[in-house]
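To keep things clear, I will list the structure first and then write my remarks on it.
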Amino acid sequence: MNPETERGAVHTLELLPAQAIAEPIRQYARERMAAALQHHDQWREAIRNLDAGSERVKLLTDSLRDRAVREAVHVLRAIHALSDRETMAVALENVQSRDANQRANALETLESVREAQIIRPVLRVWEADSEAASTRDDGAGTRILEATLDDGDAWIRACAALAVGAGDPAPFRKKINGDGSKRFGWDGAR
Amino acid sequence: MVRAEAARAMNGGAMDGLAMLSLMERILFLRRVPLFADLSPADLKQVAAIASEELFGDGDVMAEQGEIGAEMFVIVSGEVRVTVAADGKADCEIARRKPGDVVGEMSIVSHEPRMASLTAVGEARVLCIDSKSFEGLLRERPGTNLAVMRVLCARLKESSK
């Protein structure tokens, strides 16, 4: 689905009496959560195992992070329709704040709202990453680049192709050929 | 040569020397521009897509004092002289802008005639963003509003020196 259309649809959902379609909403939230956590985990792996000094790699890691947060916000907005709307509205605003205290308060609130069991796993997208400084593993770096070159999001694929150009591109050449999005990123990297 | 320069700039070099940028190269460049620092990569992609690239020769006037501004510029390479003429006197240089700086934004924010003229010093390569696109960006991306306010505050501070 077009991201802007999806954002609009989820916003509209907040305004509708949604209890009658609670199960499809929960199903949608679970799907978005899987996408959020996938990109969040890839982001964590990427910042640990790829060259943090490269601005091409940084574009990929920032894009993975951005995608994870966007998906996580979709989860919260969808569940907002089934939960305590006023509390959820405030928490939704604060969880995206730059202020760490506001974010912490929002996370605490979200832990205890109705339907919390659905949203709880996705909250780690906003929790501090304490393991970022662990040992670098080049094999993991290659795996993360391969995975992101196959991402469902054309923008992530383009960023991955750009990041591949920051290192030795030979192992990835076959994956890049034949995909317009990857060629787009790859051409930017040359 | 173009690709070599772009590659050099992308490998941690200065912002100068980029020529005929691909969309990805524009995005990497715009990420270093303070005005756009708060935008997400996906948002920057939109900015990069709406910007057009222009090259001005030494002494070319990019914008004239008194005209209604239709665009703002992000300097990619080269320098831009900001001059003001008053009471029939000759142009007085009030600032010189370098790669990564934004110029011409005040007029498109205020809808007032331009307060100064902009002239290329040497060859200047810029990304132009038209007023309608920029206003759309300000409406949709509140983070950019704050960055514009910071730029305007800096301009105010400069003008009161």
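Ligands are numbered from 1 in the order shown, residues from 1 within each chain, and chains are lettered A, B, ... in the order they appear in the structure tokens.
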
**Q.** Shell of 8 Å around Leu152 in chain B, only C-alpha atoms, local chain residues under 4 positions omitted, as a PyMOL selection string
**A.** chain B and resi 106+148+156

Leaving out Arg124 in chain A and any residue of its chain fewer than 4 positions from it, which residues lie within 12 Å of it when counting only C-alpha atoms, given as a compact mmCIF listing (two decimals) with C-alpha atoms, in the first residue's frame?
# COMPACT_ATOMS: atom_id res chain seq x y z
CA MET A 33 4.37 -4.99 14.39
CA ALA A 36 8.41 -2.73 12.76
CA LEU A 37 10.41 -5.31 14.70
CA GLN A 38 12.06 -6.69 11.56
CA HIS A 39 13.35 -3.23 10.61
CA HIS A 40 14.25 -2.40 14.20
CA ASP A 41 16.34 -5.59 14.49
CA ARG A 44 20.44 -2.74 15.48
CA ALA A 68 10.67 0.78 12.15
CA VAL A 69 9.29 3.84 13.94
CA ALA A 72 5.39 1.07 15.19
CA VAL A 95 6.32 8.60 22.50
CA ARG A 103 9.11 9.24 25.95
CA ALA A 104 9.66 7.27 29.16
CA LEU A 107 6.11 4.03 27.32
CA GLU A 108 4.99 3.52 30.90
CA LEU A 110 1.42 2.31 26.91
CA GLU A 111 2.46 -0.67 29.07
CA ILE A 119 1.43 -3.30 21.63
CA ARG A 120 3.96 -4.27 24.32
CA ALA A 128 17.40 2.70 24.36
CA ASP A 129 19.70 0.32 22.56
CA SER A 130 22.20 -0.70 25.24

Q) Would you list which chain B residues are within 6 Å of chain A using only C-alpha atoms, as a PyMOL selection string? A) chain B and resi 22+24-25+41

Q: For CA of Ala37 in chain B and CA of Gly152 in chain A, quote the distance in Å rounded to one decimal.
A: 26.4 Å

Q: Could you tell me how far CA of Pro3 in chain A lies from CA of Asp38 in chain B, in Å and to one decimal?
A: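 CA of Pro3 in chain A sits 19.8 Å away from CA of Asp38 in chain B.
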
Q: Could you give me, as a ChimeraX atom specification, the residues within 10 Å of Ala63 in chain B, counting only C-alpha atoms and dropping anything in the same chain fewer than 4 positions from it?
A: /B:67-73,82,103-104,114,116-120

Using N, CA and C atoms, can you export the residues from the last selection as a short mmCIF file (atom, residue, chain, number, x, y, z; two decimals), in the first residue's frame?
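Full text of selection-v9.cif as output:
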data_model
loop_
_atom_site.label_atom_id
_atom_site.label_comp_id
_atom_site.auth_asym_id
_atom_site.auth_seq_id
_atom_site.Cartn_x
_atom_site.Cartn_y
_atom_site.Cartn_z
N GLU B 67 12.67 42.29 -6.06
CA GLU B 67 11.76 41.41 -6.82
C GLU B 67 11.04 40.47 -5.85
N ILE B 68 9.91 39.95 -6.29
CA ILE B 68 9.18 38.97 -5.47
C ILE B 68 9.89 37.63 -5.63
N GLY B 69 10.27 37.06 -4.51
CA GLY B 69 11.03 35.81 -4.58
C GLY B 69 10.15 34.63 -4.98
N ALA B 70 10.65 33.85 -5.92
CA ALA B 70 9.88 32.68 -6.36
C ALA B 70 10.57 31.38 -5.95
N GLU B 71 11.81 31.51 -5.43
CA GLU B 71 12.55 30.29 -5.07
C GLU B 71 13.62 30.59 -4.03
N MET B 72 14.06 29.55 -3.37
CA MET B 72 15.21 29.66 -2.48
C MET B 72 16.30 28.74 -3.02
N PHE B 73 17.52 28.96 -2.54
CA PHE B 73 18.65 28.21 -3.08
C PHE B 73 19.45 27.55 -1.96
N VAL B 82 25.89 38.38 -0.96
CA VAL B 82 24.59 38.97 -0.62
C VAL B 82 24.81 40.48 -0.52
N VAL B 103 20.09 30.38 0.84
CA VAL B 103 19.87 31.80 0.56
C VAL B 103 18.54 32.00 -0.14
N GLY B 104 17.97 33.19 0.05
CA GLY B 104 16.73 33.53 -0.66
C GLY B 104 15.48 33.01 0.01
N ARG B 114 12.37 40.80 -2.23
CA ARG B 114 13.68 40.40 -1.71
C ARG B 114 14.41 41.60 -1.09
N ALA B 116 17.63 41.70 -0.49
CA ALA B 116 19.02 41.78 -0.95
C ALA B 116 19.15 41.08 -2.30
N SER B 117 20.24 41.38 -2.98
CA SER B 117 20.53 40.69 -4.24
C SER B 117 21.51 39.55 -3.97
N LEU B 118 21.46 38.54 -4.81
CA LEU B 118 22.36 37.39 -4.67
C LEU B 118 23.16 37.25 -5.96
N THR B 119 24.47 37.22 -5.82
CA THR B 119 25.33 37.15 -7.01
C THR B 119 26.36 36.04 -6.84
N ALA B 120 26.53 35.25 -7.88
CA ALA B 120 27.51 34.15 -7.81
C ALA B 120 28.93 34.70 -7.80
#

Q: Please indicate the distance in Å from CA of Ala140 in chain A to CA of Pro121 in chain A, rounded to one decimal place.
A: 23.7 Å

Q: List the neighbours of range 20-30 of chain A out to 9 Å using only C-alpha atoms; skip same-chain residues closer than 6 positions along the sequence, and give me the result as JSON, numbers by chain.
A: {"A": [72, 74, 75, 76, 77, 78, 79, 81, 82, 118, 119]}

Kindly export the residues of the current selection with N, CA and C atoms, as a PDB file, in the first residue's frame.
ATOM      1  N   ALA A  72       5.794   1.144  13.791  1.00  0.00           N
ATOM      2  CA  ALA A  72       5.386   1.066  15.192  1.00  0.00           C
ATOM      3  C   ALA A  72       4.274   2.082  15.491  1.00  0.00           C
ATOM      4  N   HIS A  74       2.075   3.071  13.334  1.00  0.00           N
ATOM      5  CA  HIS A  74       0.866   2.473  12.750  1.00  0.00           C
ATOM      6  C   HIS A  74       0.219   1.501  13.736  1.00  0.00           C
ATOM      7  N   VAL A  75       1.050   0.700  14.412  1.00  0.00           N
ATOM      8  CA  VAL A  75       0.522  -0.260  15.395  1.00  0.00           C
ATOM      9  C   VAL A  75      -0.243   0.508  16.478  1.00  0.00           C
ATOM     10  N   LEU A  76       0.404   1.545  17.014  1.00  0.00           N
ATOM     11  CA  LEU A  76      -0.229   2.298  18.107  1.00  0.00           C
ATOM     12  C   LEU A  76      -1.507   2.992  17.626  1.00  0.00           C
ATOM     13  N   ARG A  77      -1.462   3.546  16.424  1.00  0.00           N
ATOM     14  CA  ARG A  77      -2.656   4.244  15.916  1.00  0.00           C
ATOM     15  C   ARG A  77      -3.808   3.271  15.714  1.00  0.00           C
ATOM     16  N   ALA A  78      -3.504   2.085  15.228  1.00  0.00           N
ATOM     17  CA  ALA A  78      -4.560   1.094  15.004  1.00  0.00           C
ATOM     18  C   ALA A  78      -5.173   0.674  16.338  1.00  0.00           C
ATOM     19  N   ILE A  79      -4.320   0.406  17.325  1.00  0.00           N
ATOM     20  CA  ILE A  79      -4.821  -0.044  18.627  1.00  0.00           C
ATOM     21  C   ILE A  79      -5.513   1.094  19.370  1.00  0.00           C
ATOM     22  N   ALA A  81      -7.670   2.901  18.284  1.00  0.00           N
ATOM     23  CA  ALA A  81      -9.111   2.817  17.985  1.00  0.00           C
ATOM     24  C   ALA A  81      -9.832   1.852  18.918  1.00  0.00           C
ATOM     25  N   LEU A  82      -9.094   0.931  19.535  1.00  0.00           N
ATOM     26  CA  LEU A  82      -9.723  -0.084  20.391  1.00  0.00           C
ATOM     27  C   LEU A  82      -9.495   0.176  21.875  1.00  0.00           C
ATOM     28  N   ILE A 118      -0.947  -6.507  23.026  1.00  0.00           N
ATOM     29  CA  ILE A 118      -0.641  -6.458  21.588  1.00  0.00           C
ATOM     30  C   ILE A 118       0.495  -5.471  21.307  1.00  0.00           C
ATOM     31  N   ILE A 119       0.443  -4.333  21.976  1.00  0.00           N
ATOM     32  CA  ILE A 119       1.435  -3.301  21.629  1.00  0.00           C
ATOM     33  C   ILE A 119       2.765  -3.447  22.383  1.00  0.00           C
TER      34      ILE A 119
END

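Of the listed residues A:Leu13, A:Val90, A:Ala147, A:Ile176, the one whose atoms come nearest to Ala46 in chain A is A:Ala147, with distances taken using only C-alpha atoms.
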
Residues of range 1-159 of chain B classed as strand (DSSP E) by DSSP on the backbone are to be reported as a PDB file with N, CA and C atoms, in the first residue's frame.
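Heads up, here's the output in states18.pdb:
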ATOM      1  N   SER B  52      15.572  21.610  -8.159  1.00  0.00           N
ATOM      2  CA  SER B  52      16.204  21.564  -9.485  1.00  0.00           C
ATOM      3  C   SER B  52      17.623  22.113  -9.357  1.00  0.00           C
ATOM      4  N   GLU B  53      18.495  21.612 -10.190  1.00  0.00           N
ATOM      5  CA  GLU B  53      19.907  21.990 -10.055  1.00  0.00           C
ATOM      6  C   GLU B  53      20.233  23.085 -11.067  1.00  0.00           C
ATOM      7  N   GLU B  54      20.917  24.134 -10.616  1.00  0.00           N
ATOM      8  CA  GLU B  54      21.279  25.208 -11.547  1.00  0.00           C
ATOM      9  C   GLU B  54      22.715  25.627 -11.343  1.00  0.00           C
ATOM     10  N   LEU B  55      23.313  26.056 -12.442  1.00  0.00           N
ATOM     11  CA  LEU B  55      24.707  26.490 -12.399  1.00  0.00           C
ATOM     12  C   LEU B  55      24.767  27.962 -12.794  1.00  0.00           C
ATOM     13  N   PHE B  56      25.405  28.788 -11.960  1.00  0.00           N
ATOM     14  CA  PHE B  56      25.559  30.217 -12.264  1.00  0.00           C
ATOM     15  C   PHE B  56      27.041  30.514 -12.484  1.00  0.00           C
ATOM     16  N   VAL B  61      23.661  37.232 -11.622  1.00  0.00           N
ATOM     17  CA  VAL B  61      22.737  37.610 -10.550  1.00  0.00           C
ATOM     18  C   VAL B  61      21.667  36.509 -10.420  1.00  0.00           C
ATOM     19  N   MET B  62      21.631  35.881  -9.268  1.00  0.00           N
ATOM     20  CA  MET B  62      20.678  34.781  -9.028  1.00  0.00           C
ATOM     21  C   MET B  62      19.313  35.318  -8.618  1.00  0.00           C
ATOM     22  N   ALA B  63      19.341  36.429  -7.893  1.00  0.00           N
ATOM     23  CA  ALA B  63      18.087  37.036  -7.438  1.00  0.00           C
ATOM     24  C   ALA B  63      18.355  38.514  -7.200  1.00  0.00           C
ATOM     25  N   GLU B  71      11.810  31.509  -5.428  1.00  0.00           N
ATOM     26  CA  GLU B  71      12.545  30.293  -5.071  1.00  0.00           C
ATOM     27  C   GLU B  71      13.616  30.591  -4.029  1.00  0.00           C
ATOM     28  N   MET B  72      14.062  29.546  -3.370  1.00  0.00           N
ATOM     29  CA  MET B  72      15.213  29.659  -2.477  1.00  0.00           C
ATOM     30  C   MET B  72      16.303  28.739  -3.018  1.00  0.00           C
ATOM     31  N   PHE B  73      17.522  28.957  -2.539  1.00  0.00           N
ATOM     32  CA  PHE B  73      18.650  28.208  -3.084  1.00  0.00           C
ATOM     33  C   PHE B  73      19.450  27.550  -1.958  1.00  0.00           C
ATOM     34  N   VAL B  74      19.908  26.345  -2.224  1.00  0.00           N
ATOM     35  CA  VAL B  74      20.863  25.679  -1.326  1.00  0.00           C
ATOM     36  C   VAL B  74      22.167  25.617  -2.105  1.00  0.00           C
ATOM     37  N   ILE B  75      23.216  26.215  -1.549  1.00  0.00           N
ATOM     38  CA  ILE B  75      24.484  26.280  -2.289  1.00  0.00           C
ATOM     39  C   ILE B  75      25.197  24.928  -2.192  1.00  0.00           C
ATOM     40  N   VAL B  76      25.469  24.347  -3.349  1.00  0.00           N
ATOM     41  CA  VAL B  76      26.171  23.060  -3.405  1.00  0.00           C
ATOM     42  C   VAL B  76      27.678  23.296  -3.526  1.00  0.00           C
ATOM     43  N   SER B  77      28.045  24.211  -4.422  1.00  0.00           N
ATOM     44  CA  SER B  77      29.465  24.547  -4.564  1.00  0.00           C
ATOM     45  C   SER B  77      29.582  26.006  -4.964  1.00  0.00           C
ATOM     46  N   GLY B  78      30.741  26.584  -4.691  1.00  0.00           N
ATOM     47  CA  GLY B  78      30.955  27.993  -4.995  1.00  0.00           C
ATOM     48  C   GLY B  78      30.454  28.886  -3.865  1.00  0.00           C
ATOM     49  N   GLU B  79      30.450  30.187  -4.148  1.00  0.00           N
ATOM     50  CA  GLU B  79      30.028  31.149  -3.123  1.00  0.00           C
ATOM     51  C   GLU B  79      29.002  32.118  -3.707  1.00  0.00           C
ATOM     52  N   VAL B  80      28.240  32.719  -2.814  1.00  0.00           N
ATOM     53  CA  VAL B  80      27.221  33.684  -3.242  1.00  0.00           C
ATOM     54  C   VAL B  80      27.376  34.950  -2.400  1.00  0.00           C
ATOM     55  N   ARG B  81      27.423  36.087  -3.126  1.00  0.00           N
ATOM     56  CA  ARG B  81      27.521  37.386  -2.456  1.00  0.00           C
ATOM     57  C   ARG B  81      26.118  37.911  -2.181  1.00  0.00           C
ATOM     58  N   VAL B  82      25.890  38.380  -0.964  1.00  0.00           N
ATOM     59  CA  VAL B  82      24.589  38.970  -0.621  1.00  0.00           C
ATOM     60  C   VAL B  82      24.808  40.479  -0.519  1.00  0.00           C
ATOM     61  N   THR B  83      24.147  41.245  -1.385  1.00  0.00           N
ATOM     62  CA  THR B  83      24.386  42.693  -1.405  1.00  0.00           C
ATOM     63  C   THR B  83      23.084  43.470  -1.281  1.00  0.00           C
ATOM     64  N   VAL B  84      23.234  44.664  -0.717  1.00  0.00           N
ATOM     65  CA  VAL B  84      22.076  45.547  -0.537  1.00  0.00           C
ATOM     66  C   VAL B  84      22.428  46.914  -1.112  1.00  0.00           C
ATOM     67  N   CYS B  92      26.245  47.176  -1.421  1.00  0.00           N
ATOM     68  CA  CYS B  92      27.138  46.932  -0.279  1.00  0.00           C
ATOM     69  C   CYS B  92      27.017  45.451   0.092  1.00  0.00           C
ATOM     70  N   GLU B  93      28.164  44.764   0.157  1.00  0.00           N
ATOM     71  CA  GLU B  93      28.120  43.334   0.494  1.00  0.00           C
ATOM     72  C   GLU B  93      27.857  43.162   1.989  1.00  0.00           C
ATOM     73  N   ILE B  94      26.799  42.444   2.322  1.00  0.00           N
ATOM     74  CA  ILE B  94      26.484  42.255   3.747  1.00  0.00           C
ATOM     75  C   ILE B  94      26.798  40.838   4.226  1.00  0.00           C
ATOM     76  N   ALA B  95      26.959  39.936   3.300  1.00  0.00           N
ATOM     77  CA  ALA B  95      27.309  38.563   3.710  1.00  0.00           C
ATOM     78  C   ALA B  95      27.817  37.792   2.503  1.00  0.00           C
ATOM     79  N   ARG B  96      28.522  36.723   2.809  1.00  0.00           N
ATOM     80  CA  ARG B  96      28.957  35.818   1.744  1.00  0.00           C
ATOM     81  C   ARG B  96      28.591  34.408   2.193  1.00  0.00           C
ATOM     82  N   ARG B  97      27.857  33.721   1.355  1.00  0.00           N
ATOM     83  CA  ARG B  97      27.363  32.386   1.722  1.00  0.00           C
ATOM     84  C   ARG B  97      28.160  31.303   1.009  1.00  0.00           C
ATOM     85  N   VAL B 102      21.856  28.222   2.973  1.00  0.00           N
ATOM     86  CA  VAL B 102      20.610  28.458   2.249  1.00  0.00           C
ATOM     87  C   VAL B 102      20.490  29.962   2.023  1.00  0.00           C
ATOM     88  N   VAL B 103      20.092  30.377   0.838  1.00  0.00           N
ATOM     89  CA  VAL B 103      19.871  31.803   0.560  1.00  0.00           C
ATOM     90  C   VAL B 103      18.535  31.998  -0.145  1.00  0.00           C
ATOM     91  N   SER B 117      20.240  41.380  -2.976  1.00  0.00           N
ATOM     92  CA  SER B 117      20.533  40.690  -4.241  1.00  0.00           C
ATOM     93  C   SER B 117      21.514  39.553  -3.968  1.00  0.00           C
ATOM     94  N   LEU B 118      21.462  38.544  -4.809  1.00  0.00           N
ATOM     95  CA  LEU B 118      22.361  37.387  -4.668  1.00  0.00           C
ATOM     96  C   LEU B 118      23.160  37.250  -5.957  1.00  0.00           C
ATOM     97  N   THR B 119      24.468  37.223  -5.820  1.00  0.00           N
ATOM     98  CA  THR B 119      25.331  37.151  -7.006  1.00  0.00           C
ATOM     99  C   THR B 119      26.357  36.039  -6.836  1.00  0.00           C
ATOM    100  N   ALA B 120      26.529  35.249  -7.876  1.00  0.00           N
ATOM    101  CA  ALA B 120      27.511  34.146  -7.809  1.00  0.00           C
ATOM    102  C   ALA B 120      28.926  34.702  -7.800  1.00  0.00           C
ATOM    103  N   VAL B 121      29.754  34.105  -6.956  1.00  0.00           N
ATOM    104  CA  VAL B 121      31.180  34.447  -6.935  1.00  0.00           C
ATOM    105  C   VAL B 121      31.907  33.227  -7.495  1.00  0.00           C
ATOM    106  N   GLY B 122      32.487  33.371  -8.669  1.00  0.00           N
ATOM    107  CA  GLY B 122      33.015  32.195  -9.358  1.00  0.00           C
ATOM    108  C   GLY B 122      31.829  31.367  -9.838  1.00  0.00           C
ATOM    109  N   GLU B 123      32.090  30.118 -10.112  1.00  0.00           N
ATOM    110  CA  GLU B 123      30.986  29.249 -10.564  1.00  0.00           C
ATOM    111  C   GLU B 123      30.235  28.741  -9.344  1.00  0.00           C
ATOM    112  N   ALA B 124      28.931  28.951  -9.328  1.00  0.00           N
ATOM    113  CA  ALA B 124      28.148  28.508  -8.162  1.00  0.00           C
ATOM    114  C   ALA B 124      27.081  27.511  -8.610  1.00  0.00           C
ATOM    115  N   ARG B 125      27.093  26.346  -7.989  1.00  0.00           N
ATOM    116  CA  ARG B 125      26.077  25.331  -8.288  1.00  0.00           C
ATOM    117  C   ARG B 125      25.093  25.313  -7.117  1.00  0.00           C
ATOM    118  N   VAL B 126      23.818  25.386  -7.450  1.00  0.00           N
ATOM    119  CA  VAL B 126      22.816  25.444  -6.380  1.00  0.00           C
ATOM    120  C   VAL B 126      21.666  24.477  -6.659  1.00  0.00           C
ATOM    121  N   LEU B 127      20.981  24.117  -5.588  1.00  0.00           N
ATOM    122  CA  LEU B 127      19.711  23.416  -5.725  1.00  0.00           C
ATOM    123  C   LEU B 127      18.623  24.454  -5.474  1.00  0.00           C
ATOM    124  N   CYS B 128      17.680  24.590  -6.409  1.00  0.00           N
ATOM    125  CA  CYS B 128      16.588  25.563  -6.263  1.00  0.00           C
ATOM    126  C   CYS B 128      15.328  24.843  -5.796  1.00  0.00           C
ATOM    127  N   ILE B 129      14.675  25.453  -4.840  1.00  0.00           N
ATOM    128  CA  ILE B 129      13.380  24.913  -4.397  1.00  0.00           C
ATOM    129  C   ILE B 129      12.364  26.030  -4.536  1.00  0.00           C
ATOM    130  N   ASP B 130      11.323  25.800  -5.339  1.00  0.00           N
ATOM    131  CA  ASP B 130      10.367  26.881  -5.591  1.00  0.00           C
ATOM    132  C   ASP B 130       9.479  27.110  -4.361  1.00  0.00           C
TER     133      ASP B 130
END

**Q.** Sel. of helix (DSSP H, G or I) residues, range 4-157 of chain B, as a PyMOL selection string
**A.** chain B and resi 4-10+23-30+34-36+41-50+105-110+131-140+142-157

Q. Which residue, A:Asp84, A:Glu115, A:Glu71, A:Glu93, has the smallest gap to Ala34 in chain A when you use only C-alpha atoms?
A.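 Closest residue, counting only C-alpha atoms: A:Glu71.
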